[in-house]
$ cat protein-v3.txt   # compact mmCIF, N, CA, C and O atoms
# COMPACT_ATOMS: atom_id res chain seq x y z
N MET O 1 0.85 -1.17 0.00
CA MET O 1 0.00 0.00 0.00
C MET O 1 0.90 1.24 0.00
O MET O 1 1.86 1.33 0.74
N GLN O 2 0.54 2.21 -0.81
CA GLN O 2 1.29 3.46 -0.89
C GLN O 2 0.51 4.56 -0.18
O GLN O 2 -0.69 4.69 -0.37
N LYS O 3 1.20 5.31 0.65
CA LYS O 3 0.57 6.42 1.36
C LYS O 3 0.86 7.71 0.60
O LYS O 3 1.97 7.93 0.14
N THR O 4 -0.15 8.56 0.49
CA THR O 4 0.00 9.84 -0.18
C THR O 4 -0.49 10.93 0.75
O THR O 4 -1.62 10.86 1.25
N ALA O 5 0.33 11.92 0.99
CA ALA O 5 -0.06 13.04 1.84
C ALA O 5 -1.06 13.92 1.11
O ALA O 5 -0.90 14.20 -0.08
N LEU O 6 -2.14 14.33 1.81
CA LEU O 6 -3.12 15.20 1.18
C LEU O 6 -2.56 16.59 0.94
O LEU O 6 -2.74 17.16 -0.11
N ALA O 7 -1.93 17.15 1.93
CA ALA O 7 -1.34 18.49 1.80
C ALA O 7 -0.01 18.44 2.53
O ALA O 7 0.05 18.54 3.74
N SER O 8 1.06 18.23 1.78
CA SER O 8 2.36 18.07 2.41
C SER O 8 2.86 19.34 3.07
O SER O 8 3.55 19.29 4.07
N PHE O 9 2.53 20.50 2.51
CA PHE O 9 3.03 21.75 3.06
C PHE O 9 2.10 22.88 2.62
O PHE O 9 2.25 23.39 1.52
N ALA O 10 1.14 23.23 3.43
CA ALA O 10 0.19 24.27 3.07
C ALA O 10 0.11 25.29 4.19
O ALA O 10 -0.19 24.95 5.33
N HIS O 11 0.42 26.52 3.85
CA HIS O 11 0.32 27.63 4.79
C HIS O 11 -0.50 28.74 4.14
O HIS O 11 -0.47 28.90 2.92
N LEU O 12 -1.20 29.48 4.96
CA LEU O 12 -1.91 30.65 4.46
C LEU O 12 -0.88 31.64 3.93
O LEU O 12 0.08 31.97 4.65
N PRO O 13 -1.03 32.11 2.68
CA PRO O 13 -0.06 33.07 2.13
C PRO O 13 0.04 34.33 3.00
O PRO O 13 -0.96 34.81 3.53
N ARG O 14 1.25 34.84 3.13
CA ARG O 14 1.51 36.01 3.99
C ARG O 14 0.67 37.22 3.62
O ARG O 14 0.37 38.05 4.47
N THR O 15 0.30 37.35 2.36
CA THR O 15 -0.48 38.53 1.94
C THR O 15 -1.85 38.58 2.61
O THR O 15 -2.50 39.61 2.58
N HIS O 16 -2.27 37.49 3.24
CA HIS O 16 -3.58 37.44 3.88
C HIS O 16 -3.50 37.34 5.40
O HIS O 16 -4.51 37.11 6.06
N HIS O 17 -2.33 37.51 5.96
CA HIS O 17 -2.17 37.40 7.42
C HIS O 17 -2.85 38.53 8.19
O HIS O 17 -3.01 38.43 9.39
N ASP O 18 -3.26 39.60 7.51
CA ASP O 18 -3.92 40.70 8.21
C ASP O 18 -5.41 40.43 8.45
O ASP O 18 -6.07 41.16 9.15
N ARG O 19 -5.93 39.34 7.90
CA ARG O 19 -7.34 38.99 8.07
C ARG O 19 -7.52 37.93 9.15
O ARG O 19 -6.58 37.22 9.49
N HIS O 20 -8.72 37.83 9.66
CA HIS O 20 -9.05 36.86 10.71
C HIS O 20 -9.47 35.53 10.07
O HIS O 20 -10.33 35.50 9.20
N VAL O 21 -8.87 34.44 10.51
CA VAL O 21 -9.22 33.11 10.00
C VAL O 21 -10.44 32.61 10.77
O VAL O 21 -10.39 32.42 11.98
N LEU O 22 -11.55 32.42 10.05
CA LEU O 22 -12.77 31.91 10.67
C LEU O 22 -12.75 30.39 10.76
O LEU O 22 -13.19 29.82 11.76
N THR O 23 -12.27 29.73 9.72
CA THR O 23 -12.15 28.28 9.70
C THR O 23 -11.24 27.87 8.56
O THR O 23 -10.95 28.68 7.67
N SER O 24 -10.80 26.64 8.58
CA SER O 24 -9.97 26.12 7.48
C SER O 24 -10.27 24.64 7.31
O SER O 24 -10.79 23.99 8.22
N THR O 25 -9.94 24.12 6.13
CA THR O 25 -10.18 22.71 5.83
C THR O 25 -9.27 22.28 4.69
O THR O 25 -8.71 23.11 3.99
N VAL O 26 -9.14 20.98 4.53
CA VAL O 26 -8.44 20.39 3.39
C VAL O 26 -9.44 19.48 2.70
O VAL O 26 -10.05 18.62 3.34
N ASP O 27 -9.64 19.67 1.37
CA ASP O 27 -10.63 18.85 0.67
C ASP O 27 -10.03 17.52 0.23
O ASP O 27 -8.85 17.24 0.46
N VAL O 28 -10.83 16.69 -0.42
CA VAL O 28 -10.40 15.34 -0.80
C VAL O 28 -9.33 15.36 -1.88
O VAL O 28 -8.67 14.35 -2.11
N PHE O 29 -9.12 16.49 -2.54
CA PHE O 29 -8.10 16.61 -3.58
C PHE O 29 -6.78 17.15 -3.03
O PHE O 29 -5.85 17.39 -3.76
N GLY O 30 -6.74 17.38 -1.72
CA GLY O 30 -5.52 17.87 -1.09
C GLY O 30 -5.35 19.37 -1.15
O GLY O 30 -4.28 19.89 -0.87
N VAL O 31 -6.40 20.10 -1.48
CA VAL O 31 -6.35 21.56 -1.55
C VAL O 31 -6.74 22.12 -0.18
O VAL O 31 -7.76 21.75 0.39
N ALA O 32 -5.91 23.00 0.37
CA ALA O 32 -6.18 23.64 1.65
C ALA O 32 -6.98 24.91 1.42
O ALA O 32 -6.68 25.68 0.50
N HIS O 33 -8.01 25.14 2.26
CA HIS O 33 -8.89 26.30 2.13
C HIS O 33 -8.98 27.01 3.47
O HIS O 33 -9.10 26.37 4.51
N TRP O 34 -8.96 28.34 3.42
CA TRP O 34 -9.16 29.17 4.61
C TRP O 34 -10.29 30.14 4.33
O TRP O 34 -10.34 30.77 3.27
N LEU O 35 -11.22 30.28 5.27
CA LEU O 35 -12.28 31.28 5.20
C LEU O 35 -11.84 32.45 6.05
O LEU O 35 -11.65 32.31 7.27
N LEU O 36 -11.68 33.62 5.43
CA LEU O 36 -11.15 34.80 6.10
C LEU O 36 -12.16 35.93 6.14
O LEU O 36 -12.97 36.07 5.22
N ALA O 37 -12.09 36.73 7.18
CA ALA O 37 -12.90 37.94 7.31
C ALA O 37 -12.00 39.07 7.77
O ALA O 37 -10.92 38.84 8.31
N ASP O 38 -12.45 40.29 7.56
CA ASP O 38 -11.66 41.45 7.99
C ASP O 38 -11.54 41.55 9.51
O ASP O 38 -10.57 42.05 10.03
N ARG O 39 -12.56 41.04 10.21
CA ARG O 39 -12.54 41.07 11.67
C ARG O 39 -13.24 39.84 12.21
O ARG O 39 -14.03 39.20 11.52
N ALA O 40 -12.98 39.53 13.45
CA ALA O 40 -13.63 38.39 14.10
C ALA O 40 -15.06 38.75 14.45
O ALA O 40 -15.33 39.88 14.86
N PRO O 41 -16.00 37.82 14.29
CA PRO O 41 -17.39 38.11 14.71
C PRO O 41 -17.45 38.37 16.21
O PRO O 41 -16.79 37.70 16.99
N GLN O 42 -18.23 39.34 16.59
CA GLN O 42 -18.40 39.70 18.00
C GLN O 42 -19.63 38.99 18.56
O GLN O 42 -20.55 38.66 17.83
N PRO O 43 -19.68 38.74 19.87
CA PRO O 43 -20.86 38.11 20.48
C PRO O 43 -22.13 38.90 20.15
O PRO O 43 -22.15 40.12 20.27
N GLY O 44 -23.15 38.20 19.71
CA GLY O 44 -24.41 38.84 19.36
C GLY O 44 -24.40 39.51 18.00
O GLY O 44 -25.41 40.09 17.59
N ASP O 45 -23.31 39.44 17.28
CA ASP O 45 -23.18 40.09 15.98
C ASP O 45 -23.76 39.17 14.91
O ASP O 45 -23.23 38.11 14.65
N ALA O 46 -24.87 39.57 14.29
CA ALA O 46 -25.51 38.76 13.27
C ALA O 46 -25.53 39.47 11.92
O ALA O 46 -26.24 39.07 11.01
N ARG O 47 -24.75 40.54 11.80
CA ARG O 47 -24.73 41.28 10.54
C ARG O 47 -24.00 40.48 9.47
O ARG O 47 -22.99 39.83 9.75
N PRO O 48 -24.47 40.53 8.22
CA PRO O 48 -23.74 39.84 7.15
C PRO O 48 -22.41 40.55 6.88
O PRO O 48 -22.28 41.75 7.10
N PHE O 49 -21.44 39.79 6.42
CA PHE O 49 -20.12 40.36 6.13
C PHE O 49 -19.55 39.71 4.87
O PHE O 49 -20.00 38.66 4.43
N ASP O 50 -18.58 40.38 4.28
CA ASP O 50 -17.87 39.84 3.13
C ASP O 50 -16.74 38.96 3.62
O ASP O 50 -16.11 39.26 4.64
N ALA O 51 -16.50 37.87 2.93
CA ALA O 51 -15.44 36.94 3.31
C ALA O 51 -14.63 36.57 2.08
O ALA O 51 -15.05 36.80 0.94
N LEU O 52 -13.48 36.01 2.32
CA LEU O 52 -12.59 35.58 1.26
C LEU O 52 -12.16 34.15 1.54
O LEU O 52 -11.78 33.83 2.66
N VAL O 53 -12.26 33.28 0.53
CA VAL O 53 -11.74 31.93 0.65
C VAL O 53 -10.43 31.88 -0.11
O VAL O 53 -10.37 32.21 -1.30
N VAL O 54 -9.36 31.54 0.60
CA VAL O 54 -8.03 31.39 -0.01
C VAL O 54 -7.76 29.90 -0.10
O VAL O 54 -7.82 29.19 0.90
N SER O 55 -7.51 29.42 -1.31
CA SER O 55 -7.25 28.00 -1.55
C SER O 55 -5.82 27.84 -2.05
O SER O 55 -5.40 28.56 -2.95
N VAL O 56 -5.08 26.91 -1.45
CA VAL O 56 -3.71 26.62 -1.88
C VAL O 56 -3.68 25.18 -2.37
O VAL O 56 -3.93 24.25 -1.61
N HIS O 57 -3.40 25.02 -3.66
CA HIS O 57 -3.33 23.70 -4.28
C HIS O 57 -2.01 23.03 -3.95
O HIS O 57 -1.03 23.70 -3.60
N PRO O 58 -1.95 21.68 -4.05
CA PRO O 58 -0.71 20.97 -3.71
C PRO O 58 0.53 21.48 -4.45
O PRO O 58 1.61 21.48 -3.90
N GLY O 59 0.39 21.97 -5.66
CA GLY O 59 1.53 22.52 -6.40
C GLY O 59 1.92 23.92 -5.98
O GLY O 59 2.91 24.46 -6.45
N GLY O 60 1.14 24.54 -5.09
CA GLY O 60 1.45 25.88 -4.61
C GLY O 60 0.62 26.99 -5.25
O GLY O 60 0.73 28.14 -4.86
N ASN O 61 -0.21 26.67 -6.24
CA ASN O 61 -1.06 27.68 -6.86
C ASN O 61 -2.10 28.16 -5.85
O ASN O 61 -2.67 27.38 -5.11
N VAL O 62 -2.34 29.48 -5.85
CA VAL O 62 -3.29 30.10 -4.93
C VAL O 62 -4.52 30.54 -5.71
O VAL O 62 -4.40 31.16 -6.77
N GLU O 63 -5.69 30.23 -5.17
CA GLU O 63 -6.96 30.62 -5.77
C GLU O 63 -7.75 31.42 -4.75
O GLU O 63 -7.83 31.04 -3.59
N LEU O 64 -8.35 32.54 -5.17
CA LEU O 64 -9.14 33.40 -4.29
C LEU O 64 -10.60 33.38 -4.72
O LEU O 64 -10.89 33.49 -5.92
N THR O 65 -11.50 33.23 -3.77
CA THR O 65 -12.94 33.26 -4.03
C THR O 65 -13.57 34.23 -3.05
O THR O 65 -13.46 34.05 -1.84
N GLU O 66 -14.23 35.26 -3.57
CA GLU O 66 -14.88 36.25 -2.72
C GLU O 66 -16.32 35.83 -2.45
O GLU O 66 -17.04 35.44 -3.36
N LEU O 67 -16.73 35.92 -1.20
CA LEU O 67 -18.10 35.63 -0.80
C LEU O 67 -18.70 36.89 -0.19
O LEU O 67 -18.02 37.65 0.48
N SER O 68 -19.99 37.11 -0.42
CA SER O 68 -20.65 38.28 0.17
C SER O 68 -21.88 37.84 0.95
O SER O 68 -22.43 36.76 0.72
N ALA O 69 -22.28 38.68 1.87
CA ALA O 69 -23.46 38.46 2.71
C ALA O 69 -23.38 37.14 3.48
O ALA O 69 -24.36 36.41 3.58
N VAL O 70 -22.23 36.84 4.05
CA VAL O 70 -22.07 35.65 4.87
C VAL O 70 -22.60 35.95 6.26
O VAL O 70 -22.28 36.97 6.85
N ARG O 71 -23.40 35.05 6.79
CA ARG O 71 -23.94 35.18 8.15
C ARG O 71 -23.57 33.92 8.91
O ARG O 71 -24.38 33.02 9.04
N ALA O 72 -22.36 33.86 9.38
CA ALA O 72 -21.89 32.65 10.06
C ALA O 72 -21.01 33.04 11.23
O ALA O 72 -19.92 33.56 11.03
N ARG O 73 -21.47 32.79 12.44
CA ARG O 73 -20.67 33.12 13.62
C ARG O 73 -19.61 32.06 13.88
O ARG O 73 -18.49 32.38 14.23
N TRP O 74 -19.95 30.78 13.73
CA TRP O 74 -19.00 29.68 13.93
C TRP O 74 -19.07 28.79 12.70
O TRP O 74 -19.68 27.71 12.73
N PRO O 75 -18.47 29.20 11.60
CA PRO O 75 -18.67 28.50 10.33
C PRO O 75 -17.83 27.24 10.17
O PRO O 75 -16.81 27.05 10.83
N HIS O 76 -18.32 26.41 9.26
CA HIS O 76 -17.59 25.23 8.77
C HIS O 76 -17.58 25.37 7.26
O HIS O 76 -18.59 25.73 6.65
N LEU O 77 -16.46 25.10 6.63
CA LEU O 77 -16.28 25.29 5.20
C LEU O 77 -16.04 23.95 4.53
O LEU O 77 -15.31 23.11 5.07
N ASP O 78 -16.64 23.75 3.36
CA ASP O 78 -16.38 22.55 2.57
C ASP O 78 -16.46 22.92 1.09
O ASP O 78 -17.20 23.82 0.72
N ARG O 79 -15.68 22.23 0.29
CA ARG O 79 -15.65 22.47 -1.16
C ARG O 79 -16.50 21.43 -1.86
O ARG O 79 -16.42 20.25 -1.56
N LEU O 80 -17.30 21.86 -2.82
CA LEU O 80 -18.12 20.97 -3.61
C LEU O 80 -17.34 20.48 -4.83
O LEU O 80 -16.40 21.13 -5.27
N PRO O 81 -17.71 19.34 -5.41
CA PRO O 81 -16.99 18.82 -6.58
C PRO O 81 -16.98 19.77 -7.78
O PRO O 81 -16.06 19.74 -8.59
N ASP O 82 -17.99 20.66 -7.90
CA ASP O 82 -18.02 21.60 -9.02
C ASP O 82 -17.25 22.88 -8.73
O ASP O 82 -17.41 23.88 -9.41
N SER O 83 -16.42 22.88 -7.69
CA SER O 83 -15.57 24.01 -7.27
C SER O 83 -16.31 25.08 -6.49
O SER O 83 -15.74 26.12 -6.19
N GLY O 84 -17.58 24.87 -6.16
CA GLY O 84 -18.30 25.79 -5.30
C GLY O 84 -17.98 25.51 -3.84
O GLY O 84 -17.25 24.56 -3.52
N PHE O 85 -18.49 26.35 -2.95
CA PHE O 85 -18.26 26.18 -1.52
C PHE O 85 -19.57 26.12 -0.77
O PHE O 85 -20.57 26.70 -1.18
N VAL O 86 -19.55 25.43 0.35
CA VAL O 86 -20.66 25.41 1.29
C VAL O 86 -20.13 25.98 2.60
O VAL O 86 -19.10 25.53 3.10
N VAL O 87 -20.82 26.98 3.12
CA VAL O 87 -20.50 27.53 4.43
C VAL O 87 -21.69 27.20 5.32
O VAL O 87 -22.79 27.70 5.12
N ALA O 88 -21.46 26.33 6.28
CA ALA O 88 -22.51 25.94 7.22
C ALA O 88 -22.12 26.46 8.59
O ALA O 88 -20.95 26.45 8.96
N ALA O 89 -23.11 26.94 9.32
CA ALA O 89 -22.82 27.51 10.62
C ALA O 89 -23.81 26.99 11.65
O ALA O 89 -25.01 27.08 11.45
N SER O 90 -23.28 26.46 12.71
CA SER O 90 -24.11 26.08 13.83
C SER O 90 -24.55 27.37 14.51
O SER O 90 -23.81 28.34 14.58
N ARG O 91 -25.75 27.37 15.03
CA ARG O 91 -26.22 28.58 15.72
C ARG O 91 -25.72 28.63 17.16
O ARG O 91 -25.96 29.60 17.86
N THR O 92 -25.04 27.58 17.59
CA THR O 92 -24.41 27.56 18.89
C THR O 92 -22.98 27.09 18.71
O THR O 92 -22.59 26.65 17.64
N ARG O 93 -22.19 27.18 19.74
CA ARG O 93 -20.80 26.74 19.65
C ARG O 93 -20.71 25.23 19.48
O ARG O 93 -21.65 24.50 19.73
N ARG O 94 -19.55 24.76 19.07
CA ARG O 94 -19.34 23.37 18.70
C ARG O 94 -19.77 22.37 19.76
O ARG O 94 -20.37 21.36 19.47
N TYR O 95 -19.49 22.62 21.03
CA TYR O 95 -19.76 21.63 22.07
C TYR O 95 -21.02 21.92 22.87
O TYR O 95 -21.29 21.26 23.85
N GLU O 96 -21.80 22.88 22.43
CA GLU O 96 -23.08 23.16 23.05
C GLU O 96 -24.15 22.34 22.33
O GLU O 96 -23.87 21.59 21.41
N ASN O 97 -25.41 22.52 22.72
CA ASN O 97 -26.51 21.82 22.06
C ASN O 97 -26.72 22.42 20.68
O ASN O 97 -27.48 23.35 20.50
N ALA O 98 -26.06 21.85 19.67
CA ALA O 98 -26.09 22.39 18.31
C ALA O 98 -27.14 21.67 17.47
O ALA O 98 -26.84 20.91 16.57
N ASP O 99 -28.41 21.93 17.77
CA ASP O 99 -29.47 21.23 17.05
C ASP O 99 -29.99 22.03 15.86
O ASP O 99 -30.88 21.58 15.16
N GLN O 100 -29.46 23.20 15.60
CA GLN O 100 -29.87 24.00 14.46
C GLN O 100 -28.64 24.39 13.65
O GLN O 100 -27.62 24.80 14.19
N VAL O 101 -28.73 24.23 12.34
CA VAL O 101 -27.62 24.56 11.45
C VAL O 101 -28.13 25.48 10.35
O VAL O 101 -29.23 25.30 9.84
N GLN O 102 -27.34 26.46 10.00
CA GLN O 102 -27.68 27.41 8.94
C GLN O 102 -26.70 27.17 7.79
O GLN O 102 -25.49 27.07 7.99
N VAL O 103 -27.22 27.03 6.55
CA VAL O 103 -26.35 26.82 5.38
C VAL O 103 -26.53 27.98 4.43
O VAL O 103 -27.61 28.42 4.18
$ encode --input "protein-v3.txt" --output "structure tokens"
Amino acid sequence: MQKTALASFAHLPRTHHDRHVLTSTVDVFGVAHWLLADRAPQPGDARPFDALVVSVHPGGNVELTELSAVRARWPHLDRLPDSGFVVAASRTRRYENADQVQV
């Protein structure tokens, strides 16, 4: 059996270090994704905001996807096979009673 690393070396590019990382993930193709916002959501803050998804492919290519009107206090990010994104947010924190999800 041969083992293959999904993302051998993936870091958020320095040009985006001034933004707040809301969440990150690695998809099944080994591409690392970060969901970024200009500021961290504040308690009770339900206003929509613009976000940026920075994707770093295994070869080092960087892809940027701008999202608008995101309403996610504790988001989870996933990439769809057609290159789209799903941002799902629990209405409560991860270890609380999270019986409601917003997509």
$ residues_around --input "protein-v3.txt" --residues "Ser55 of chain O" --least-positions-apart "4" --cutoff "7 Å" --atoms "only C-alpha atoms" --output "tab-separated table (two decimals) with N, CA, C and O atoms, in the frame of the given file"
chain	number	residue	atom	x	y	z
O	31	VAL	N	-6.40	20.10	-1.48
O	31	VAL	CA	-6.35	21.56	-1.55
O	31	VAL	C	-6.74	22.12	-0.18
O	31	VAL	O	-7.76	21.75	0.39
O	32	ALA	N	-5.91	23.00	0.37
O	32	ALA	CA	-6.18	23.64	1.65
O	32	ALA	C	-6.98	24.91	1.42
O	32	ALA	O	-6.68	25.68	0.50
O	33	HIS	N	-8.01	25.14	2.26
O	33	HIS	CA	-8.89	26.30	2.13
O	33	HIS	C	-8.98	27.01	3.47
O	33	HIS	O	-9.10	26.37	4.51
O	34	TRP	N	-8.96	28.34	3.42
O	34	TRP	CA	-9.16	29.17	4.61
O	34	TRP	C	-10.29	30.14	4.33
O	34	TRP	O	-10.34	30.77	3.27
O	62	VAL	N	-2.34	29.48	-5.85
O	62	VAL	CA	-3.29	30.10	-4.93
O	62	VAL	C	-4.52	30.54	-5.71
O	62	VAL	O	-4.40	31.16	-6.77
O	63	GLU	N	-5.69	30.23	-5.17
O	63	GLU	CA	-6.96	30.62	-5.77
O	63	GLU	C	-7.75	31.42	-4.75
O	63	GLU	O	-7.83	31.04	-3.59
O	64	LEU	N	-8.35	32.54	-5.17
O	64	LEU	CA	-9.14	33.40	-4.29
O	64	LEU	C	-10.60	33.38	-4.72
O	64	LEU	O	-10.89	33.49	-5.92
$ atom_distance --input "protein-v3.txt" --atom1 "atom O of Val26 of chain O" --atom2 "atom CA of Pro58 of chain O"
11.9 Å
$ atom_distance --input "protein-v3.txt" --atom1 "atom O of His17 of chain O" --atom2 "atom N of Asp82 of chain O"
29.0 Å
$ atom_distance --input "protein-v3.txt" --atom1 "atom C of Arg14 of chain O" --atom2 "atom N of Ala40 of chain O"
17.0 Å
